[in-house]
Amino acid sequence: MSNPSTQPESDPTGAAPPPPCVVDLGVSCTLHEAAALRTACMAALESKDPLALDGSRVERVDTAGLQVLVGFTIDCMERSLHFTWAGRSETLVRGIRLLGIEPLLESPGAATPMGGMA
């Protein structure tokens, strides 16, 4: 469900929007990668570019990795930043659903709800 007031306005000059700053979750989103993932998320928050998370390659996920992602979404909400999902693997979606945190991992105004596999 999208909110028209949160959609970017079209550029009258016709210039292409900047590419998103993508945080690639890689194949493993676990305790072992949590510190590096948090660092990547914090760097993305400082970017002036649109934000995106790419979880399309995730094969392993645990609670620690998902906690970092929840922290990222909270940071985005606190800063009134929006992000998109470039992709989510079945494994990632199962982990998110198992913990019941789907609503916490959606950016306000996100075009693709957790049910979609963008």
# chains A, B, ... in the order shown; residues from 1 in each chain; ligands from 1
call {"tool": "residues_around", "arguments": {"residues": "A:Thr73", "least_positions_apart": "5", "cutoff": "8 Å", "atoms": "only C-alpha atoms", "output": "ChimeraX atom specification"}}
result
/A:104-107
call {"tool": "residues_around", "arguments": {"residues": "stretch 31-44 of chain A", "least_positions_apart": "6", "cutoff": "12 Å", "atoms": "only C-alpha atoms", "output": "PyMOL selection string"}}
result
chain A and resi 20-25+50-55+58+60-76+81-83
call {"tool": "select_by_dssp", "arguments": {"residues": "stretch 5-112 of chain A", "states": "strand (DSSP E)", "output": "ChimeraX atom specification"}}
result
/A:21-24,28-29,51-55,60-61,83-88
call {"tool": "write_last_selection", "arguments": {"atoms": "C-alpha atoms", "output": "PDB file, in the first residue's frame"}}
result
ATOM      1  CA  CYS A  21      22.246   3.073  -1.838  1.00  0.00           C
ATOM      2  CA  VAL A  22      21.837  -0.703  -1.600  1.00  0.00           C
ATOM      3  CA  VAL A  23      22.691  -2.691   1.520  1.00  0.00           C
ATOM      4  CA  ASP A  24      23.321  -6.209   0.196  1.00  0.00           C
ATOM      5  CA  SER A  28      24.235 -15.045   5.317  1.00  0.00           C
ATOM      6  CA  CYS A  29      22.444 -12.667   7.680  1.00  0.00           C
ATOM      7  CA  LEU A  51      17.905   3.449   0.431  1.00  0.00           C
ATOM      8  CA  ALA A  52      17.331  -0.189  -0.488  1.00  0.00           C
ATOM      9  CA  LEU A  53      17.879  -3.535   1.215  1.00  0.00           C
ATOM     10  CA  ASP A  54      18.712  -6.539  -0.956  1.00  0.00           C
ATOM     11  CA  GLY A  55      18.031  -9.851   0.737  1.00  0.00           C
ATOM     12  CA  ARG A  60      21.012 -18.355   6.262  1.00  0.00           C
ATOM     13  CA  VAL A  61      19.342 -16.027   8.723  1.00  0.00           C
ATOM     14  CA  PHE A  83      13.664   2.450   1.961  1.00  0.00           C
ATOM     15  CA  THR A  84      12.692  -0.275  -0.444  1.00  0.00           C
ATOM     16  CA  TRP A  85      13.453  -3.949  -0.685  1.00  0.00           C
ATOM     17  CA  ALA A  86      15.413  -4.820  -3.819  1.00  0.00           C
ATOM     18  CA  GLY A  87      14.625  -8.465  -3.087  1.00  0.00           C
ATOM     19  CA  ARG A  88      13.924 -11.015  -0.363  1.00  0.00           C
TER      20      ARG A  88
END
call {"tool": "atom_distance", "arguments": {"atom1": "atom CA of A:Ser80", "atom2": "atom CA of A:Asp49"}}
result
13.7 Å
call {"tool": "atom_distance", "arguments": {"atom1": "atom CA of A:Pro19", "atom2": "atom CA of A:Ser89"}}
result
21.9 Å
call {"tool": "atom_distance", "arguments": {"atom1": "atom CA of A:Glu90", "atom2": "atom CA of A:Glu59"}}
result
8.4 Å
